[in-house]
Amino acid sequence: MASLYKMPLSSLSGIGPKRVEQFNKLGVNSVGELITFYPRAYEDWSNVTKIADISQSGVYCVKAILAAPISDRRVSGGMIISKGAVYDDTGSLQLIFFNNRYISSMLTYGIEYFFYGKIEFNDYGVQMTSPTFSQIGEAGIHPIYRQTAGLNGKTIANAVRQSLKLLPPVVNDPIPEQVRKAFNLWGLREALNGIHFPKNSEELENSRKRLVTEELVVLNLGMKNLRNHSRGVSSVKIENDYSEEFEDHLPFTLTNAQKRAIADCVDDIKEKSAPMNRLVQGDVGSGKTAVAASVCYTVIKNGFQAAFMAPTEILARQHFETFKKLLQDTGIKVELLTGALKESEKKRVRAELQSGEIDLIIGTHALITDKTEFNNLGVAVTDEQHRFGVAQRAKLLSKGKNPHLLVMSATPIPRTLGLIIFGDLDISIIDELPPSRKPVKTVLFNTSQRQRVFGFIKKEIAAGRQAYIVCPLVEEGELDDVVSAEEYAAELMLKQFSDIPVGVVHGQMKSDEKEAVMSKFASGELKLLVATTVIEVGVDVPNASVMVIENAERFGLSQLHQLRGRVGRGSTQSYCVLISDHHNEQTKQRLEVMCSTNDGFKIADEDLRMRGPGDFFGSRQHGLPQLAIADFADTKSLELSQKIVDYILFTYKDLRCDELKLLNAEINRLFDRGGKNTLN
Ligand code: ADP
Ligand code: MG
């Protein structure tokens with residue numbers, strides 16, 4: 001069968017060079033890619049609602065008459081706002097359109113239309129924003145495609161319709177029939193037709209289920225391959241356990257949970273042939289660093305090198321200071337390697353690393369550049385694992401001969417997603433905080449209560465504590481109600497806190513400047529630190545007892561939880577104050593979750609449920625390819641795909657067998673092309 005992926009778009013009727021160019025802009029380059037250009041949403045026009053029956057905001061289809069000609073108004077900045085009113089036999093509502101100069105000529109006064117769009121209730125009453133409309137009722141479910149200038153939804157839909165007709169009567173299906181039968185999955189051909197032009201919601205659901213499942217199965221199997229390739233069979237041999245000796249160097253007693261995690265690791269690395277592959281997961285402040293340090297200590301005492309990779313410069317330096325202090329009388333040589341070091345310094349460190357003089361290297365991504373070579377790397381540790389991609393992890397491992405791997409994460413990754421990212425990774429959970437920790441008290445305030453908050457900070461500082469104030473990173477041209485860290489700090493220093501040493505850190509500062517401020521805060525010289533999210537991950541200043549977060553609504557819950565984790569690290573009662581004026585119901589609900597629990601797992605679940613995985617991971621790399629239709633927040637589908645993968649592995653044993661040839665091709669395609677789904 002000739003691959004539809006090789007068939008040019010120009011072979012469709014009505015698609016000339018100009019259209020081809022427009023489709024290319026959408027990332028669609030062939031007939032096959034057009035077929036897998038799935039709708040981003042659907043409109044259900046079959047369900048018309050009477051205006052009087054609309055009692056809450058949402059997306060609706062109404063059938064109504066335009067009461068008067070649409071009026072256009074040009075507002076400052078050149079934007080055109082078009083307004084109109086429509087009515088049916090039960091009531092009326094406002095229409096509003098932005099920047100569409102043709103609207104007034106497209107809608108005729110006195111004529112009845114179907115309007116489909118989002119309805120909200122505001123001071124002007126009921127308002128429908130930028131609806132799509134049609135004079136004849138278009139019953140059924142309509143696909144909505146991502147569009148680009150000059151290429152509208154109708155044109156795309158027509159081209160898709162033509163493409164679907166080119167599918168052969170029997171499409172070779174990457175998911176073998178036996179698997180489809182076992183899990184009640186539609187065939188590929190039916191699913192492709194149904195995802196674009198479903199006759200009803202049931203058909204849409206079945207089509208979606210099939211395509212989502214396939215994508216997740218492909219992702220799942222692909223991740224498995226990747227992991228297997230990156231790990232060898234026999235690893236560095238660790239003969240003796242030095243973890244008890246290490247405890248003598250600690251200024252505190254390990255919690256039982258920490259001891260268990262260390263014992264798990266020692267068990268993994270001691271005289272087993274396969275390398276350790278372990279995730280230590282523990283809420284912020286649970287003491288993961290000490291666990292990692294202990295494992296590094298044992299590995300080093302057995303004559304190997306250890307590498308510890310952190311996601312930010314600040315964090316790497318902080319770990320460096322901690323480890324240096326811990327290991328000062330042990331004869332272990334610890335060094336730092338980050339991008340910010342002077343070239344000559346980097347060169348020296350790299351040379352000593354290669355010769356084996358350095359036992360423990362702490363660093364950032366600088367550790368995985370080609371220039372960095374080890375003498376005999378025994379264990380690689382990555383801190384705050386979710387900030388690194390799978391490939392980066394593999395790169396660090398490739399610096400040794402099958403070294404052991406320890407990854408640490410405070411971000412509780414939902415189990416189902418964790419299975420895909422980490423696969424067979426063993427997990428130790430630190431489910432106990434160091435003793436005498438008091439849960440952080442969290443409150444939600446609005447900006448008019450700011451002075452009270454400042455007063456509180458002063459009191460805490462007078463009592464010998466320290467405080468953080470976090471404001472969101474400001475991008476150029478952003479709303480002016482979001483204050484920038486610098487301006488905000490300047491104001492604080494001049495006014496409320498003129499008698500208190502205040503420091504500022506933000507993203508635009510050079511890293512040595514940041515470092516200087518951070519270490520002054522850590523030493524207690526600075527009492528108040530105004531910061532953007534650069535302090536988010538891992539920073540450890542146990543004397544800090546107040547965390548104030550301005551514009552709290554702009555952060556994800558998991559991020560807020562990370563930030564809050566910067567306080568409550570000592571034995572004094574700590575506080576987290578969320579400041580936000582954006583009290584719409586959903587925002588308020590979100591922020592109230594923070595006030596009601598300190599449990600990172602609960603918060604991550606809520607975050608995922610409310611905002612979806614995009615925000616959960618932020619724009620950060622999580623090492624997974626981009627998906628065409630599936631969604632990382634869709635726990636049910638993730639679970640189903642996991643079951644199918646198990647079934648496939650059990651049934652076919654060898655992934656390279658004939659029945660899975662097409663599925664393998666899909667795997668290669670997903671990982672090669674960054675997420676494009678495809679046909680055979
Ligand atoms: P995280 O798990 O967030 O990385 P850290 O390793 O930074 O946590 O530890 C948080 C703080 O708790 C640090 O100041 C550390 O010294 C302290 N700590 C860790 N373990 C214990 C313990 N068993 N007893 C007392 N304090 C501890
Ligand atoms: Mg940490």
# chains A, B, ... in the order shown; residues from 1 in each chain; ligands from 1
>>> closest_atom_pairs(of="chain A", to="ligand 2", cutoff="8 Å", atoms="only C-alpha atoms and all ligand atoms", output="tab-separated table")
residue	atom	partner	partner_atom_place_in_ligand_line	distance
A:Val284	CA	ligand 2	1 (Mg)	6.8
A:Gly285	CA	ligand 2	1 (Mg)	7.0
A:Gly287	CA	ligand 2	1 (Mg)	7.0
A:Lys288	CA	ligand 2	1 (Mg)	5.9
A:Thr289	CA	ligand 2	1 (Mg)	5.7
A:Asp383	CA	ligand 2	1 (Mg)	6.7
A:Glu384	CA	ligand 2	1 (Mg)	6.9
A:Met408	CA	ligand 2	1 (Mg)	7.9
A:Ser409	CA	ligand 2	1 (Mg)	7.8
A:Ala410	CA	ligand 2	1 (Mg)	7.4
A:Val537	CA	ligand 2	1 (Mg)	7.4
A:Gly538	CA	ligand 2	1 (Mg)	4.4
A:Val539	CA	ligand 2	1 (Mg)	7.3
A:Asp540	CA	ligand 2	1 (Mg)	7.9
>>> write_last_selection(atoms="N, CA and C atoms", output="CSV table (one decimal), in the first residue's frame")
chain,number,residue,atom,x,y,z
A,284,VAL,N,8.6,17.9,50.0
A,284,VAL,CA,9.6,18.9,50.2
A,284,VAL,C,10.0,18.9,51.7
A,285,GLY,N,11.3,19.0,52.0
A,285,GLY,CA,11.8,19.0,53.4
A,285,GLY,C,11.9,17.7,54.0
A,287,GLY,N,14.1,15.5,53.6
A,287,GLY,CA,15.5,15.1,53.8
A,287,GLY,C,16.1,14.2,52.8
A,288,LYS,N,15.8,14.4,51.5
A,288,LYS,CA,16.3,13.6,50.5
A,288,LYS,C,17.8,13.7,50.3
A,289,THR,N,18.3,14.9,50.5
A,289,THR,CA,19.7,15.2,50.3
A,289,THR,C,20.6,14.2,51.1
A,383,ASP,N,18.9,15.4,41.1
A,383,ASP,CA,18.0,16.0,42.1
A,383,ASP,C,16.8,16.7,41.4
A,384,GLU,N,15.7,16.7,42.0
A,384,GLU,CA,14.5,17.3,41.3
A,384,GLU,C,14.3,16.7,39.9
A,408,MET,N,15.9,11.8,42.5
A,408,MET,CA,15.1,12.3,43.6
A,408,MET,C,14.1,13.2,43.2
A,409,SER,N,12.9,13.1,43.7
A,409,SER,CA,11.9,14.1,43.3
A,409,SER,C,11.0,14.4,44.4
A,410,ALA,N,10.6,15.7,44.5
A,410,ALA,CA,9.6,16.1,45.5
A,410,ALA,C,8.3,16.2,44.8
A,537,VAL,N,13.0,25.8,43.7
A,537,VAL,CA,13.3,24.5,43.9
A,537,VAL,C,14.4,24.3,45.0
A,538,GLY,N,14.2,23.5,46.0
A,538,GLY,CA,15.2,23.0,46.8
A,538,GLY,C,15.9,23.9,47.8
A,539,VAL,N,15.7,25.2,47.7
A,539,VAL,CA,16.5,26.1,48.6
A,539,VAL,C,16.3,25.8,50.1
A,540,ASP,N,17.3,25.8,50.8
A,540,ASP,CA,17.2,25.3,52.2
A,540,ASP,C,17.8,26.3,53.2
>>> residues_near_ligand(ligand="ligand 1", cutoff="9 Å", atoms="only C-alpha atoms and all ligand atoms", output="ChimeraX atom specification")
/A:250-258,281-292,319,322,383-384,408-410,430,433-437,537-542,562,565-566,568-571
>>> write_last_selection(atoms="C-alpha atoms", output="PDB file, in the first residue's frame")
ATOM      1  CA  LEU A 250      25.543  14.078  60.140  1.00  0.00           C
ATOM      2  CA  PRO A 251      24.488  16.814  62.560  1.00  0.00           C
ATOM      3  CA  PHE A 252      21.156  15.016  63.109  1.00  0.00           C
ATOM      4  CA  THR A 253      19.746  11.514  63.445  1.00  0.00           C
ATOM      5  CA  LEU A 254      18.196  10.085  60.318  1.00  0.00           C
ATOM      6  CA  THR A 255      14.487   9.435  60.322  1.00  0.00           C
ATOM      7  CA  ASN A 256      13.354   5.862  59.885  1.00  0.00           C
ATOM      8  CA  ALA A 257      12.080   6.704  56.435  1.00  0.00           C
ATOM      9  CA  GLN A 258      15.485   8.055  55.454  1.00  0.00           C
ATOM     10  CA  GLN A 281      10.339  10.324  46.324  1.00  0.00           C
ATOM     11  CA  GLY A 282       9.665  12.493  49.334  1.00  0.00           C
ATOM     12  CA  ASP A 283       7.766  15.648  50.013  1.00  0.00           C
ATOM     13  CA  VAL A 284       9.640  18.930  50.232  1.00  0.00           C
ATOM     14  CA  GLY A 285      11.756  19.031  53.366  1.00  0.00           C
ATOM     15  CA  SER A 286      11.703  15.294  53.952  1.00  0.00           C
ATOM     16  CA  GLY A 287      15.496  15.132  53.800  1.00  0.00           C
ATOM     17  CA  LYS A 288      16.286  13.551  50.451  1.00  0.00           C
ATOM     18  CA  THR A 289      19.703  15.184  50.296  1.00  0.00           C
ATOM     19  CA  ALA A 290      21.002  13.192  53.256  1.00  0.00           C
ATOM     20  CA  VAL A 291      19.881   9.964  51.588  1.00  0.00           C
ATOM     21  CA  ALA A 292      21.745  10.825  48.421  1.00  0.00           C
ATOM     22  CA  HIS A 319      24.323  21.266  47.681  1.00  0.00           C
ATOM     23  CA  THR A 322      26.210  21.239  52.287  1.00  0.00           C
ATOM     24  CA  ASP A 383      17.969  16.002  42.134  1.00  0.00           C
ATOM     25  CA  GLU A 384      14.482  17.278  41.336  1.00  0.00           C
ATOM     26  CA  MET A 408      15.147  12.251  43.625  1.00  0.00           C
ATOM     27  CA  SER A 409      11.902  14.065  43.295  1.00  0.00           C
ATOM     28  CA  ALA A 410       9.619  16.067  45.517  1.00  0.00           C
ATOM     29  CA  ILE A 430      10.209   9.070  52.376  1.00  0.00           C
ATOM     30  CA  LEU A 433       9.344  14.461  58.015  1.00  0.00           C
ATOM     31  CA  PRO A 434      12.267  15.046  60.375  1.00  0.00           C
ATOM     32  CA  PRO A 435      11.056  15.259  63.981  1.00  0.00           C
ATOM     33  CA  SER A 436       9.826  18.474  65.563  1.00  0.00           C
ATOM     34  CA  ARG A 437       8.630  19.882  62.261  1.00  0.00           C
ATOM     35  CA  VAL A 537      13.348  24.451  43.911  1.00  0.00           C
ATOM     36  CA  GLY A 538      15.224  22.969  46.819  1.00  0.00           C
ATOM     37  CA  VAL A 539      16.514  26.080  48.573  1.00  0.00           C
ATOM     38  CA  ASP A 540      17.237  25.313  52.199  1.00  0.00           C
ATOM     39  CA  VAL A 541      17.389  28.058  54.826  1.00  0.00           C
ATOM     40  CA  PRO A 542      15.887  26.486  57.937  1.00  0.00           C
ATOM     41  CA  GLN A 562       7.349  23.845  46.342  1.00  0.00           C
ATOM     42  CA  GLY A 565       8.378  24.044  51.220  1.00  0.00           C
ATOM     43  CA  ARG A 566      11.085  26.709  51.617  1.00  0.00           C
ATOM     44  CA  GLY A 568       8.906  24.961  57.893  1.00  0.00           C
ATOM     45  CA  ARG A 569      12.341  23.396  57.522  1.00  0.00           C
ATOM     46  CA  GLY A 570      13.334  23.995  61.128  1.00  0.00           C
ATOM     47  CA  SER A 571      11.529  23.445  64.407  1.00  0.00           C
TER      48      SER A 571
END
>>> atom_distance(atom1="CA of Leu4 in chain A", atom2="CA of Asn158 in chain A")
17.0 Å
>>> atom_distance(atom1="CA of Met223 in chain A", atom2="CA of Val645 in chain A")
11.5 Å
>>> atom_distance(atom1="CA of Leu397 in chain A", atom2="CA of Ile648 in chain A")
29.1 Å
>>> closest_residue(among="A:Asn302, A:Asn100, A:Asn402, A:Asn122", to="Asp359 in chain A", atoms="only C-alpha atoms")
A:Asn302
>>> select_by_dssp(residues="range 305-496 of chain A", states="alpha helix (DSSP H)", output="PyMOL selection string")
chain A and resi 313-326+343-355+390-397+415-422+450-462+485-494
>>> write_last_selection(atoms="C-alpha atoms", output="mmCIF file, in the first residue's frame")
data_model
loop_
_atom_site.group_PDB
_atom_site.id
_atom_site.type_symbol
_atom_site.label_atom_id
_atom_site.label_comp_id
_atom_site.auth_asym_id
_atom_site.auth_seq_id
_atom_site.Cartn_x
_atom_site.Cartn_y
_atom_site.Cartn_z
ATOM 1 C CA GLU A 313 22.921 27.002 39.635
ATOM 2 C CA ILE A 314 21.673 28.100 43.040
ATOM 3 C CA LEU A 315 20.696 24.618 44.029
ATOM 4 C CA ALA A 316 23.961 23.107 42.833
ATOM 5 C CA ARG A 317 25.905 25.625 44.894
ATOM 6 C CA GLN A 318 23.781 25.010 47.925
ATOM 7 C CA HIS A 319 24.323 21.266 47.681
ATOM 8 C CA PHE A 320 28.015 21.889 47.167
ATOM 9 C CA GLU A 321 28.212 23.877 50.411
ATOM 10 C CA THR A 322 26.210 21.239 52.287
ATOM 11 C CA PHE A 323 28.305 18.336 51.058
ATOM 12 C CA LYS A 324 31.571 20.173 51.638
ATOM 13 C CA LYS A 325 30.619 20.758 55.245
ATOM 14 C CA LEU A 326 29.363 17.219 55.794
ATOM 15 C CA GLU A 343 36.591 28.850 31.929
ATOM 16 C CA SER A 344 39.933 28.190 33.627
ATOM 17 C CA GLU A 345 38.177 26.853 36.688
ATOM 18 C CA LYS A 346 35.996 24.541 34.606
ATOM 19 C CA LYS A 347 39.068 23.268 32.860
ATOM 20 C CA ARG A 348 40.794 22.488 36.135
ATOM 21 C CA VAL A 349 37.744 20.706 37.557
ATOM 22 C CA ARG A 350 37.277 18.667 34.391
ATOM 23 C CA ALA A 351 40.914 17.621 34.371
ATOM 24 C CA GLU A 352 40.737 16.529 38.005
ATOM 25 C CA LEU A 353 37.512 14.709 37.340
ATOM 26 C CA GLN A 354 39.054 12.808 34.493
ATOM 27 C CA SER A 355 42.160 11.911 36.478
ATOM 28 C CA VAL A 390 14.919 11.150 30.044
ATOM 29 C CA ALA A 391 17.664 11.853 27.539
ATOM 30 C CA GLN A 392 19.600 13.973 30.024
ATOM 31 C CA ARG A 393 19.428 11.256 32.591
ATOM 32 C CA ALA A 394 20.731 8.782 30.024
ATOM 33 C CA LYS A 395 23.527 11.186 29.112
ATOM 34 C CA LEU A 396 24.741 11.407 32.684
ATOM 35 C CA LEU A 397 24.731 7.621 32.944
ATOM 36 C CA ARG A 415 1.571 6.933 39.631
ATOM 37 C CA THR A 416 0.322 6.146 36.162
ATOM 38 C CA LEU A 417 2.470 8.806 34.573
ATOM 39 C CA GLY A 418 5.402 7.799 36.752
ATOM 40 C CA LEU A 419 5.197 4.310 35.345
ATOM 41 C CA ILE A 420 5.618 5.672 31.856
ATOM 42 C CA ILE A 421 8.424 8.065 32.711
ATOM 43 C CA PHE A 422 10.311 5.792 35.042
ATOM 44 C CA ARG A 450 -0.859 43.555 52.579
ATOM 45 C CA GLN A 451 0.133 45.973 55.342
ATOM 46 C CA ARG A 452 -0.965 43.454 57.917
ATOM 47 C CA VAL A 453 1.211 40.859 56.246
ATOM 48 C CA PHE A 454 4.177 43.230 56.277
ATOM 49 C CA GLY A 455 3.572 43.902 59.944
ATOM 50 C CA PHE A 456 3.635 40.193 60.581
ATOM 51 C CA ILE A 457 6.890 39.765 58.681
ATOM 52 C CA LYS A 458 8.471 42.497 60.796
ATOM 53 C CA LYS A 459 7.403 40.733 63.958
ATOM 54 C CA GLU A 460 8.895 37.449 62.830
ATOM 55 C CA ILE A 461 12.126 39.127 61.786
ATOM 56 C CA ALA A 462 12.296 40.911 65.125
ATOM 57 C CA ALA A 485 10.629 41.780 41.791
ATOM 58 C CA GLU A 486 13.020 44.691 41.489
ATOM 59 C CA GLU A 487 10.519 47.523 41.672
ATOM 60 C CA TYR A 488 8.668 45.809 44.405
ATOM 61 C CA ALA A 489 11.807 45.276 46.474
ATOM 62 C CA ALA A 490 12.937 48.839 45.939
ATOM 63 C CA GLU A 491 9.645 50.024 47.301
ATOM 64 C CA LEU A 492 9.824 47.732 50.313
ATOM 65 C CA MET A 493 13.355 48.798 51.115
ATOM 66 C CA LEU A 494 12.422 52.456 50.973
#
>>> residues_around(residues="Tyr109 in chain A", least_positions_apart="2", cutoff="7 Å", atoms="only C-alpha atoms", output="list in words")
Leu66, Ala67, Ala68, Pro69, Leu107 and Ile111 of chain A
>>> residues_around(residues="range 180-184 of chain A", least_positions_apart="6", cutoff="12 Å", atoms="only C-alpha atoms", output="PDB file with C-alpha atoms, in the first residue's frame")
ATOM      1  CA  ASP A 173      -3.768  -1.682  11.981  1.00  0.00           C
ATOM      2  CA  PRO A 174      -0.760  -1.209  14.304  1.00  0.00           C
ATOM      3  CA  ASN A 206     -15.032   5.155  20.753  1.00  0.00           C
ATOM      4  CA  SER A 207     -12.837   6.813  18.164  1.00  0.00           C
ATOM      5  CA  LYS A 209     -10.560   5.943  23.030  1.00  0.00           C
ATOM      6  CA  ARG A 210      -8.964   3.944  20.278  1.00  0.00           C
ATOM      7  CA  LEU A 211      -6.582   6.696  19.106  1.00  0.00           C
ATOM      8  CA  THR A 213      -4.970   4.345  23.697  1.00  0.00           C
ATOM      9  CA  GLU A 214      -2.791   3.646  20.710  1.00  0.00           C
ATOM     10  CA  SER A 637      -6.467   6.088  29.581  1.00  0.00           C
ATOM     11  CA  LEU A 640      -5.755   1.247  30.227  1.00  0.00           C
ATOM     12  CA  SER A 641      -2.650   1.679  28.100  1.00  0.00           C
ATOM     13  CA  GLN A 642      -0.559   0.193  30.883  1.00  0.00           C
ATOM     14  CA  LYS A 643      -2.792  -2.867  30.937  1.00  0.00           C
ATOM     15  CA  ILE A 644      -2.583  -3.212  27.182  1.00  0.00           C
ATOM     16  CA  VAL A 645       1.191  -2.951  27.266  1.00  0.00           C
ATOM     17  CA  TYR A 647      -0.994  -7.805  27.706  1.00  0.00           C
ATOM     18  CA  ILE A 648       1.106  -7.208  24.590  1.00  0.00           C
ATOM     19  CA  THR A 651       1.133 -12.308  24.518  1.00  0.00           C
TER      20      THR A 651
END
>>> closest_residue(among="A:Met309, A:Val504, A:Leu563, A:Leu337", to="Lys520 in chain A", atoms="only C-alpha atoms")
A:Val504
>>> residues_around(residues="Leu526 in chain A", least_positions_apart="5", cutoff="10 Å", atoms="only C-alpha atoms", output="ChimeraX atom specification")
/A:466-467,500-504,517-521
>>> select_by_dssp(residues="range 107-184 of chain A", states="strand (DSSP E or B)", output="list of chain:residue names")
A:Glu112, A:Tyr113, A:Phe114, A:Phe115, A:Tyr116, A:Gly117, A:Lys118, A:Ile119, A:Glu120, A:Phe121, A:Asn122, A:Gly125, A:Val126, A:Gln127, A:Met128, A:Thr129, A:Ser130, A:Pro131, A:Thr132, A:Phe133, A:Ser134, A:Ile141, A:His142, A:Pro143, A:Ile144, A:Thr148, A:Leu151
